[in-house]
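This is input-v1.cif (mmCIF, C-alpha atoms (C1' of nucleotides)).
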```cif
data_query
loop_
_atom_site.group_PDB
_atom_site.id
_atom_site.type_symbol
_atom_site.label_atom_id
_atom_site.label_comp_id
_atom_site.auth_asym_id
_atom_site.auth_seq_id
_atom_site.Cartn_x
_atom_site.Cartn_y
_atom_site.Cartn_z
ATOM 1 C CA MET A 279 -20.891 23.236 -27.783
ATOM 2 C CA TRP A 280 -23.137 20.412 -26.688
ATOM 3 C CA GLN A 281 -26.441 20.203 -24.867
ATOM 4 C CA GLU A 282 -28.264 17.356 -23.196
ATOM 5 C CA THR A 283 -31.578 16.981 -21.410
ATOM 6 C CA ILE A 284 -31.919 14.568 -18.518
ATOM 7 C CA SER A 285 -35.174 13.375 -16.989
ATOM 8 C CA ILE A 286 -35.219 11.390 -13.772
ATOM 9 C CA THR A 287 -37.845 9.908 -11.476
ATOM 10 C CA GLY A 288 -39.017 12.167 -8.643
ATOM 11 C CA PRO A 289 -38.998 13.353 -6.035
ATOM 12 C CA TYR A 290 -35.981 15.615 -6.459
ATOM 13 C CA ASP A 291 -36.000 19.167 -5.135
ATOM 14 C CA PHE A 292 -33.469 21.023 -7.255
ATOM 15 C CA ASP A 293 -34.330 24.356 -5.616
ATOM 16 C CA LEU A 294 -33.286 22.994 -2.241
ATOM 17 C CA ALA A 295 -30.095 21.641 -3.770
ATOM 18 C CA LEU A 296 -29.301 25.041 -5.275
ATOM 19 C CA TYR A 297 -30.141 26.856 -2.082
ATOM 20 C CA ARG A 298 -27.694 24.655 -0.240
ATOM 21 C CA LEU A 299 -24.963 25.060 -2.879
ATOM 22 C CA LYS A 300 -25.398 28.796 -2.649
ATOM 23 C CA LEU A 301 -24.270 28.746 0.994
ATOM 24 C CA ASP A 302 -20.742 28.266 -0.314
ATOM 25 C CA PRO A 303 -19.745 31.619 -1.832
ATOM 26 C CA LEU A 304 -17.540 29.849 -4.393
ATOM 27 C CA HIS A 305 -20.469 28.227 -6.129
ATOM 28 C CA HIS A 306 -21.967 29.925 -9.150
ATOM 29 C CA VAL A 307 -25.667 29.592 -8.472
ATOM 30 C CA ASP A 308 -28.381 31.628 -10.150
ATOM 31 C CA MET A 309 -31.693 31.149 -8.363
ATOM 32 C CA ASN A 310 -33.711 33.147 -10.918
ATOM 33 C CA ASN A 311 -32.422 30.996 -13.704
ATOM 34 C CA LYS A 312 -32.478 27.854 -11.531
ATOM 35 C CA SER A 313 -28.978 27.137 -12.675
ATOM 36 C CA VAL A 314 -25.490 26.394 -11.452
ATOM 37 C CA LYS A 315 -22.181 26.328 -13.293
ATOM 38 C CA VAL A 316 -20.229 23.247 -12.289
ATOM 39 C CA PRO A 317 -16.444 23.023 -12.478
ATOM 40 C CA ILE A 318 -15.429 19.503 -13.482
ATOM 41 C CA GLN A 319 -11.958 18.057 -13.454
ATOM 42 C CA LEU A 320 -11.479 15.237 -16.013
ATOM 43 C CA ASP A 321 -8.068 13.768 -16.806
ATOM 44 C CA SER A 322 -6.273 16.990 -15.937
ATOM 45 C CA ARG A 323 -8.740 18.855 -18.168
ATOM 46 C CA GLN A 324 -10.931 21.472 -16.598
ATOM 47 C CA LEU A 325 -14.358 22.096 -18.009
ATOM 48 C CA VAL A 326 -17.447 23.987 -16.995
ATOM 49 C CA VAL A 327 -20.955 22.654 -17.456
ATOM 50 C CA GLU A 328 -24.068 24.679 -16.797
ATOM 51 C CA VAL A 329 -26.941 22.792 -15.212
ATOM 52 C CA VAL A 330 -30.433 24.278 -15.483
ATOM 53 C CA GLY A 331 -33.414 22.824 -13.658
ATOM 54 C CA VAL A 332 -36.487 22.915 -15.871
ATOM 55 C CA GLY A 333 -38.702 20.264 -14.306
ATOM 56 C CA SER A 334 -40.704 19.942 -11.095
ATOM 57 C CA LEU A 335 -40.323 18.136 -7.787
ATOM 58 C CA GLN A 336 -42.097 15.060 -9.107
ATOM 59 C CA GLU A 337 -40.885 15.267 -12.701
ATOM 60 C CA PRO A 338 -37.370 16.596 -12.477
ATOM 61 C CA GLU A 339 -35.628 17.563 -15.684
ATOM 62 C CA PHE A 340 -32.281 19.192 -16.319
ATOM 63 C CA ILE A 341 -30.602 20.822 -19.275
ATOM 64 C CA LEU A 342 -26.826 20.499 -19.374
ATOM 65 C CA LYS A 343 -24.678 22.765 -21.519
ATOM 66 C CA GLY A 344 -20.971 22.268 -22.063
ATOM 67 C CA THR A 345 -18.235 22.654 -24.611
ATOM 68 C CA GLU A 346 -16.405 19.327 -24.730
ATOM 69 C CA MET A 347 -16.127 15.776 -23.375
ATOM 70 C CA LYS A 348 -19.883 15.343 -23.273
ATOM 71 C CA GLU A 349 -20.079 11.682 -22.299
ATOM 72 C CA GLN A 350 -17.714 11.880 -19.352
ATOM 73 C CA ALA A 351 -19.133 15.179 -18.171
ATOM 74 C CA VAL A 352 -22.695 13.867 -18.148
ATOM 75 C CA ASP A 353 -21.675 10.708 -16.267
ATOM 76 C CA ARG A 354 -19.897 12.791 -13.676
ATOM 77 C CA LEU A 355 -22.849 15.150 -13.234
ATOM 78 C CA VAL A 356 -25.212 12.214 -12.713
ATOM 79 C CA GLU A 357 -22.901 11.095 -9.933
ATOM 80 C CA ILE A 358 -22.499 14.561 -8.396
ATOM 81 C CA PHE A 359 -26.202 15.368 -8.288
ATOM 82 C CA GLY A 360 -27.344 11.858 -7.386
ATOM 83 C CA TRP A 361 -29.659 11.613 -10.388
ATOM 84 C CA ASN A 362 -29.274 7.849 -10.363
ATOM 85 C CA ILE A 363 -30.483 7.562 -6.766
ATOM 86 C CA GLU A 364 -34.124 6.741 -6.225
ATOM 87 C CA LEU A 365 -35.018 8.952 -3.310
ATOM 88 C CA ILE A 366 -38.474 7.418 -3.139
ATOM 89 C CA LYS A 367 -37.004 4.176 -1.844
ATOM 90 C CA ILE A 368 -35.091 6.022 0.831
ATOM 91 C CA TYR A 369 -38.302 7.722 1.904
ATOM 92 C CA GLU A 370 -40.092 4.433 2.196
ATOM 93 C CA HIS A 371 -37.292 3.224 4.430
ATOM 94 C CA PHE A 372 -37.436 6.211 6.771
ATOM 95 C CA GLN A 373 -41.221 6.176 6.980
ATOM 96 C CA LYS A 374 -40.756 3.174 9.262
ATOM 97 C CA THR A 375 -38.387 5.039 11.588
ATOM 98 C CA GLU A 376 -38.397 7.828 14.154
ATOM 99 C CA LEU A 377 -37.083 10.196 11.491
ATOM 100 C CA LYS A 378 -40.356 9.960 9.581
ATOM 101 C CA SER A 379 -41.371 13.591 10.070
ATOM 102 C CA LEU A 380 -37.833 14.849 9.410
ATOM 103 C CA PHE A 381 -37.900 13.216 6.001
ATOM 104 C CA GLN A 382 -41.301 14.671 5.257
ATOM 105 C CA GLN A 383 -40.085 18.147 6.175
ATOM 106 C CA HIS A 384 -37.145 17.965 3.782
ATOM 107 C CA TYR A 385 -38.869 15.896 1.141
ATOM 108 C CA GLY A 386 -36.897 15.677 -2.070
ATOM 109 C CA THR A 387 -33.531 16.782 -0.669
ATOM 110 C CA PRO A 388 -30.776 15.013 -2.612
ATOM 111 C CA LEU A 389 -27.246 14.196 -1.497
ATOM 112 C CA VAL A 390 -25.174 16.451 -3.748
ATOM 113 C CA LEU A 391 -21.467 15.675 -3.858
ATOM 114 C CA ASP A 392 -18.549 18.035 -3.848
ATOM 115 C CA PHE A 393 -17.465 18.709 -7.390
ATOM 116 C CA ASP A 394 -14.068 17.081 -6.902
ATOM 117 C CA PRO A 395 -12.688 14.485 -4.443
ATOM 118 C CA PHE A 396 -9.423 16.304 -3.784
ATOM 119 C CA ALA A 397 -11.296 19.544 -3.195
ATOM 120 C CA CYS A 398 -13.627 17.677 -0.857
ATOM 121 C CA LEU A 399 -10.773 16.380 1.240
ATOM 122 C CA LEU A 400 -9.151 19.809 1.478
ATOM 123 C CA LYS A 401 -12.464 21.375 2.387
ATOM 124 C CA CYS A 402 -13.083 18.813 5.116
ATOM 125 C CA ILE A 403 -9.746 19.634 6.696
ATOM 126 C CA ILE A 404 -10.200 23.375 6.418
ATOM 127 C CA HIS A 405 -13.651 23.061 8.006
ATOM 128 C CA GLN A 406 -12.467 21.048 11.001
ATOM 129 C CA GLN A 407 -13.484 22.668 14.275
ATOM 130 C CA LEU A 408 -14.530 25.949 12.654
ATOM 131 C CA ASN A 409 -17.921 27.567 12.562
ATOM 132 C CA LEU A 410 -19.465 27.366 9.108
ATOM 133 C CA SER A 411 -19.248 31.022 8.187
ATOM 134 C CA PHE A 412 -15.548 31.345 8.971
ATOM 135 C CA ALA A 413 -14.912 27.979 7.322
ATOM 136 C CA HIS A 414 -16.478 29.290 4.119
ATOM 137 C CA THR A 415 -14.451 32.484 4.283
ATOM 138 C CA LEU A 416 -11.284 30.483 4.717
ATOM 139 C CA THR A 417 -11.945 28.108 1.795
ATOM 140 C CA GLU A 418 -12.996 31.012 -0.395
ATOM 141 C CA ARG A 419 -9.799 32.872 0.404
ATOM 142 C CA PHE A 420 -7.778 29.713 -0.265
ATOM 143 C CA VAL A 421 -9.346 29.028 -3.652
ATOM 144 C CA MET A 422 -9.290 32.635 -4.833
ATOM 145 C CA THR A 423 -5.633 32.937 -3.876
ATOM 146 C CA PHE A 424 -4.251 29.666 -5.184
ATOM 147 C CA GLY A 425 -6.973 28.294 -7.467
ATOM 148 C CA THR A 426 -7.743 29.114 -11.092
ATOM 149 C CA GLU A 427 -10.698 30.631 -12.860
ATOM 150 C CA HIS A 428 -12.126 29.255 -16.114
ATOM 151 C CA GLU A 429 -15.175 30.649 -17.861
ATOM 152 C CA GLY A 430 -15.870 32.676 -14.759
ATOM 153 C CA VAL A 431 -15.884 29.619 -12.501
ATOM 154 C CA TRP A 432 -13.402 28.886 -9.700
ATOM 155 C CA PHE A 433 -11.467 25.628 -9.571
ATOM 156 C CA TYR A 434 -9.589 24.479 -6.488
ATOM 157 C CA PRO A 435 -5.811 24.491 -6.922
ATOM 158 C CA THR A 436 -4.310 21.245 -8.204
ATOM 159 C CA PRO A 437 -2.520 18.852 -5.835
ATOM 160 C CA GLU A 438 0.788 19.935 -7.400
ATOM 161 C CA LYS A 439 0.043 23.561 -6.724
ATOM 162 C CA VAL A 440 -0.963 22.973 -3.104
ATOM 163 C CA ALA A 441 2.045 20.718 -2.536
ATOM 164 C CA SER A 442 4.289 23.584 -3.608
ATOM 165 C CA LEU A 443 2.886 25.985 -1.008
ATOM 166 C CA THR A 444 4.569 26.796 2.284
ATOM 167 C CA VAL A 445 3.016 26.865 5.726
ATOM 168 C CA GLU A 446 3.715 30.603 5.853
ATOM 169 C CA GLN A 447 1.690 31.251 2.709
ATOM 170 C CA LEU A 448 -1.315 29.560 4.274
ATOM 171 C CA ARG A 449 -0.782 31.212 7.642
ATOM 172 C CA GLU A 450 -1.232 34.534 5.839
ATOM 173 C CA LEU A 451 -4.762 33.435 4.986
ATOM 174 C CA GLN A 452 -5.360 32.691 8.702
ATOM 175 C CA PHE A 453 -4.873 28.956 8.551
ATOM 176 C CA SER A 454 -3.538 27.518 11.771
ATOM 177 C CA GLY A 455 -0.032 26.114 11.468
ATOM 178 C CA ARG A 456 -1.367 22.586 11.794
ATOM 179 C CA LYS A 457 -4.121 23.000 9.251
ATOM 180 C CA ALA A 458 -1.535 24.317 6.831
ATOM 181 C CA GLU A 459 0.663 21.264 7.382
ATOM 182 C CA TYR A 460 -2.258 18.883 6.940
ATOM 183 C CA VAL A 461 -3.349 20.480 3.680
ATOM 184 C CA ILE A 462 0.131 20.549 2.171
ATOM 185 C CA GLY A 463 0.834 16.993 3.333
ATOM 186 C CA ILE A 464 -2.276 15.618 1.673
ATOM 187 C CA ALA A 465 -1.544 17.468 -1.539
ATOM 188 C CA GLU A 466 1.910 15.857 -1.591
ATOM 189 C CA LEU A 467 0.351 12.411 -1.229
ATOM 190 C CA VAL A 468 -2.087 13.019 -4.063
ATOM 191 C CA ALA A 469 0.505 14.630 -6.318
ATOM 192 C CA SER A 470 2.876 11.704 -5.848
ATOM 193 C CA GLU A 471 0.001 9.255 -6.396
ATOM 194 C CA LYS A 472 0.416 7.660 -3.008
ATOM 195 C CA LEU A 473 -3.214 8.548 -2.508
ATOM 196 C CA ARG A 474 -5.409 7.739 -5.499
ATOM 197 C CA PHE A 475 -9.089 8.542 -5.695
ATOM 198 C CA ASN A 476 -9.808 6.679 -8.895
ATOM 199 C CA ILE A 477 -9.142 3.265 -7.399
ATOM 200 C CA MET A 478 -11.571 3.816 -4.543
ATOM 201 C CA ASP A 479 -14.561 2.633 -6.581
ATOM 202 C CA GLN A 480 -13.634 -0.929 -5.809
ATOM 203 C CA MET A 481 -12.941 -0.389 -2.120
ATOM 204 C CA SER A 482 -15.335 -0.671 0.816
ATOM 205 C CA ASP A 483 -16.047 2.260 3.135
ATOM 206 C CA GLU A 484 -13.942 0.584 5.818
ATOM 207 C CA GLU A 485 -10.974 0.035 3.535
ATOM 208 C CA ILE A 486 -11.007 3.642 2.397
ATOM 209 C CA ALA A 487 -11.440 5.004 5.917
ATOM 210 C CA LYS A 488 -8.538 2.897 7.135
ATOM 211 C CA GLU A 489 -6.357 4.224 4.337
ATOM 212 C CA LEU A 490 -7.375 7.836 4.912
ATOM 213 C CA THR A 491 -7.017 7.926 8.687
ATOM 214 C CA LYS A 492 -3.368 6.955 8.363
ATOM 215 C CA ILE A 493 -2.860 10.425 6.927
ATOM 216 C CA ARG A 494 -1.924 13.194 9.326
ATOM 217 C CA GLY A 495 -4.883 15.509 9.739
ATOM 218 C CA VAL A 496 -7.483 12.947 8.727
ATOM 219 C CA GLY A 497 -9.479 11.432 11.574
ATOM 220 C CA PRO A 498 -12.780 9.546 11.577
ATOM 221 C CA TRP A 499 -14.891 12.655 11.013
ATOM 222 C CA THR A 500 -12.951 13.730 7.930
ATOM 223 C CA ALA A 501 -12.878 10.207 6.501
ATOM 224 C CA GLN A 502 -16.637 9.844 6.944
ATOM 225 C CA ASN A 503 -17.355 13.228 5.434
ATOM 226 C CA PHE A 504 -15.146 12.415 2.491
ATOM 227 C CA LEU A 505 -16.872 9.092 1.910
ATOM 228 C CA MET A 506 -20.217 10.883 1.976
ATOM 229 C CA PHE A 507 -19.565 14.066 0.035
ATOM 230 C CA GLY A 508 -16.518 13.046 -1.956
ATOM 231 C CA LEU A 509 -17.634 9.604 -3.069
ATOM 232 C CA GLY A 510 -21.379 9.623 -2.410
ATOM 233 C CA ARG A 511 -21.388 6.608 -0.091
ATOM 234 C CA GLN A 512 -24.790 6.219 1.499
ATOM 235 C CA ASN A 513 -24.195 4.736 4.925
ATOM 236 C CA LEU A 514 -22.129 7.217 6.956
ATOM 237 C CA PHE A 515 -22.975 8.912 10.240
ATOM 238 C CA PRO A 516 -20.124 11.046 11.617
ATOM 239 C CA MET A 517 -20.856 10.803 15.330
ATOM 240 C CA ALA A 518 -18.059 13.231 16.195
ATOM 241 C CA ASP A 519 -19.929 15.948 14.323
ATOM 242 C CA ILE A 520 -21.172 18.694 16.630
ATOM 243 C CA GLY A 521 -23.876 19.644 14.165
ATOM 244 C CA LEU A 522 -25.334 16.159 14.135
ATOM 245 C CA GLN A 523 -25.255 15.998 17.911
ATOM 246 C CA ASN A 524 -27.074 19.316 18.155
ATOM 247 C CA ALA A 525 -29.599 18.238 15.542
ATOM 248 C CA LEU A 526 -30.361 15.034 17.420
ATOM 249 C CA LYS A 527 -30.670 16.982 20.654
ATOM 250 C CA ARG A 528 -33.245 19.227 19.083
ATOM 251 C CA TYR A 529 -35.138 16.560 17.147
ATOM 252 C CA TYR A 530 -35.510 14.329 20.198
ATOM 253 C CA GLN A 531 -35.837 17.300 22.576
ATOM 254 C CA LEU A 532 -32.996 16.100 24.784
ATOM 255 C CA ASP A 533 -31.571 18.144 27.654
ATOM 256 C CA GLN A 534 -28.025 17.462 26.543
ATOM 257 C CA LYS A 535 -26.224 16.338 23.460
ATOM 258 C CA PRO A 536 -26.528 12.558 23.021
ATOM 259 C CA THR A 537 -23.654 10.330 24.094
ATOM 260 C CA ALA A 538 -21.859 8.032 21.684
ATOM 261 C CA GLU A 539 -23.753 5.056 23.111
ATOM 262 C CA GLU A 540 -27.110 6.769 22.670
ATOM 263 C CA MET A 541 -26.284 7.726 19.097
ATOM 264 C CA GLU A 542 -25.147 4.213 18.334
ATOM 265 C CA LYS A 543 -28.526 2.952 19.443
ATOM 266 C CA LEU A 544 -30.562 5.620 17.669
ATOM 267 C CA LYS A 545 -28.904 5.185 14.297
ATOM 268 C CA LYS A 546 -29.333 1.430 13.999
ATOM 269 C CA PRO A 547 -32.717 1.502 12.239
ATOM 270 C CA TRP A 548 -31.480 4.078 9.701
ATOM 271 C CA GLU A 549 -29.028 1.721 8.031
ATOM 272 C CA PRO A 550 -28.148 1.285 5.208
ATOM 273 C CA TYR A 551 -28.993 4.949 4.496
ATOM 274 C CA LEU A 552 -27.206 6.657 7.381
ATOM 275 C CA SER A 553 -25.809 9.361 5.089
ATOM 276 C CA TYR A 554 -29.332 10.540 4.370
ATOM 277 C CA ALA A 555 -30.142 10.587 8.075
ATOM 278 C CA SER A 556 -27.034 12.728 8.584
ATOM 279 C CA LEU A 557 -27.922 15.004 5.697
ATOM 280 C CA TYR A 558 -31.495 15.603 6.793
ATOM 281 C CA LEU A 559 -30.478 16.156 10.413
ATOM 282 C CA TRP A 560 -27.980 18.780 9.280
ATOM 283 C CA ARG A 561 -30.684 20.475 7.247
ATOM 284 C CA SER A 562 -32.946 20.592 10.278
ATOM 285 C CA ILE A 563 -30.587 23.018 12.039
ATOM 286 C CA GLU A 564 -29.682 25.247 9.096
ATOM 287 C "C1'" DA B 72 -16.206 37.994 28.421
ATOM 288 C "C1'" DA B 73 -16.421 33.424 28.022
ATOM 289 C "C1'" DC B 74 -17.442 29.724 25.473
ATOM 290 C "C1'" DC B 75 -18.161 27.247 21.369
ATOM 291 C "C1'" DA B 76 -17.264 25.767 16.534
ATOM 292 C "C1'" DG B 77 -20.076 20.353 11.235
ATOM 293 C "C1'" DG B 78 -11.743 17.642 14.850
ATOM 294 C "C1'" DG B 79 -7.392 15.769 15.326
ATOM 295 C "C1'" DA B 80 -2.608 15.208 16.946
ATOM 296 C "C1'" DA B 81 0.410 14.990 20.512
ATOM 297 C "C1'" DG B 82 1.330 14.413 25.173
ATOM 298 C "C1'" DA B 83 0.084 12.436 29.759
ATOM 299 C "C1'" DT B 84 -1.740 8.842 32.536
ATOM 300 C "C1'" DA C 245 -5.746 1.946 25.406
ATOM 301 C "C1'" DT C 246 -8.108 6.084 27.238
ATOM 302 C "C1'" DC C 247 -8.011 10.912 28.950
ATOM 303 C "C1'" DT C 248 -6.352 15.825 28.507
ATOM 304 C "C1'" DT C 249 -4.412 19.677 26.232
ATOM 305 C "C1'" DC C 250 -3.406 22.508 22.509
ATOM 306 C "C1'" DC C 251 -4.255 24.460 18.140
ATOM 307 C "C1'" DA C 252 -6.035 29.629 15.959
ATOM 308 C "C1'" DT C 253 -9.691 32.548 15.037
ATOM 309 C "C1'" DG C 254 -14.409 34.151 14.156
ATOM 310 C "C1'" DG C 255 -19.113 34.036 15.883
ATOM 311 C "C1'" DT C 256 -22.542 34.574 19.605
#
```
Spell out the structure here as C-alpha cells.
Amino acid sequence: MWQETISITGPYDFDLALYRLKLDPLHHVDMNNKSVKVPIQLDSRQLVVEVVGVGSLQEPEFILKGTEMKEQAVDRLVEIFGWNIELIKIYEHFQKTELKSLFQQHYGTPLVLDFDPFACLLKCIIHQQLNLSFAHTLTERFVMTFGTEHEGVWFYPTPEKVASLTVEQLRELQFSGRKAEYVIGIAELVASEKLRFNIMDQMSDEEIAKELTKIRGVGPWTAQNFLMFGLGRQNLFPMADIGLQNALKRYYQLDQKPTAEEMEKLKKPWEPYLSYASLYLWRSIE
DNA sequence: AACCAGGGAAGAT
DNA sequence: ATCTTCCATGGT
C-alpha cells in the first residue's frame, strides 16, 4: 500500500471534475468524500488508485492511494487529471477573446482524460450519433457484460476480448450492426498491434488523425475526440459535433446553428487552446 | 408523431 | 470531389 500527496498551482476545480465524471455511471465517484477510484491499465496490469481532493480551488491538493507501481501510476494520474497544465495561462489567453465570460463561468474546469486510450476510442465510436443518456447506457451495458471488475471498479474489456466478440453478441446489447463491426474491427487492430497508442507521443495531431481516419468507423469527429480525451491534446475543435454547434448557437444567440465557414472564423482566436474552447462550450449546455 | 442525437460509410451524382 | 441515404434506437 502506498500513498502520495500532490499539490499543484490553482485554479483547479476538482468538484466540477468529479461532477462531470459522475455523469458516466461507470465511474466510481463519491461526492461526500470528494474522491474517485481510477482504473489504470499499465503493461497489461490493472490497478486501482483512489484520488481524494483535499485542497481548494486556488490551492488544489490530492491524496493518492494505491497498492503497487506507484511511480507509473502517479505519472499517469498527473496526465489524466491535467495536473501539469497551468490553467491560469489558458485563462489569460481567453480573456482576450469573445469567450471571456464563458471561461469566467466555468473557472477552474480542467480537461480530464479518459482513463485509457483504447477505452476512449471505443467510447467515441459507441457515442457516435447517439444522445448522451442512451450512449451512457450502451457503454455501461458493454463494459458490465464484457469488462472486468477489480477492487469494485470496472475496467473496459481488453482489445483481445473485444476482438473475440461477434456482431450478434453486440447486437444483443442494442448496438447497430455497423457500430458492432467498427468496435470489433478496431479491437482487432489494437490486439494485433497494427494500431499502437504508445508510439503516438512522438506524432503530431495531424499524423495521428490521418492514421486513425483510415480505420473503418473512425471519421474526423472520432479522431478529434480521441486526440482530446484520449491523449490530452490541447488544440482540437470537432466542428462536426452537434453539441458544439448548439453551444455556439446559444452563446452567440444565433438563429441557426453556425455553418462550417462561420465556425472556422470564430475559432481562429482560440488557438492554440481549441480543446479548452470545446470543453467549456460543451459545459455551457450541460 | 416526428424529429433529433456530442457521425460515418456507402452509394449516387 | 461533393451530395444523399442509411444505419438503429432512445429521448423530447
>> Selection in question (the file shown): the PyMOL selection byres ((chain A) within 8 of (chain C)). Which residues does it include, as a ChimeraX atom specification?
In response: /A:409,412,452-454,456
> Contacts of range 555-558 of chain A at 8 Å or less, counting only C-alpha atoms (C1' of nucleotides), minus same-chain residues fewer than 2 places along, as a PyMOL selection string?
Replying inline: chain A and resi 377+380-381+384+387+389+514-516+522+548+551-553+560-562
>> Given all atoms listed in the file as the basis, pick out the residue of A:Asp519, A:Asp308, A:Asp353, A:Glu364 nearest to Asp293 in chain A.
In response: A:Asp308
What are the closest atom pairs, with distances in Å to one decimal, for all residues of chain A lying within 7 Å of chain B? Consider all atoms listed in the file, order rows by chain and residue number, and present the result as a tab-separated table.
```
residue	atom	partner	partner_atom	distance
A:Gln406	CA	B:DG78	C1'	5.2
A:Gln407	CA	B:DG78	C1'	5.3
A:Leu408	CA	B:DA76	C1'	4.7
A:Asn409	CA	B:DA76	C1'	4.4
A:Gly495	CA	B:DG79	C1'	6.1
A:Gly497	CA	B:DG79	C1'	6.1
A:Asp519	CA	B:DG77	C1'	5.4
A:Ile520	CA	B:DG77	C1'	5.7
A:Gly521	CA	B:DG77	C1'	4.9
```
>> For the PyMOL selection byres ((chain A and resi 299) around 12), applied here, can you spell out every residue it catches as a PyMOL selection string?
In response: chain A and resi 292-298+300-309+312-316+359+388-393+414
>> Applying the PyMOL selection byres ((chain A and resi 423) around 12) to the file I just gave you, which residues come out? Please list them as a PyMOL selection string.
In response: chain A and resi 416-422+424-427+432-435+439-440+443+447-448+450-451
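Taking CA of Trp499 in chain A as the reference point, CA of Lys374 in chain A is found at 27.6 Å.
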> What separation in Å, quoted to one decimal, exists between CA of Tyr530 in chain A and CA of Gln512 in chain A?
Replying inline: 23.0 Å
>> Between CA of Leu335 in chain A and CA of Tyr290 in chain A, what is the distance in Å, rounded to a tenth?
In response: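 Between CA of Leu335 in chain A and CA of Tyr290 in chain A the gap is 5.2 Å.
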Coordinates of box centre and edge lengths for chain B, 8 Å on every side, axis-aligned, as JSON:
```
{"center_x": -9.4, "center_y": 23.4, "center_z": 21.9, "size_x": 37.4, "size_y": 45.2, "size_z": 37.3}
```
> Nearest to Ile284 in chain A among A:Ala487, A:Met478, A:Val329, A:Ala501, with distances taken over only C-alpha atoms: which residue is it?
Replying inline: A:Val329
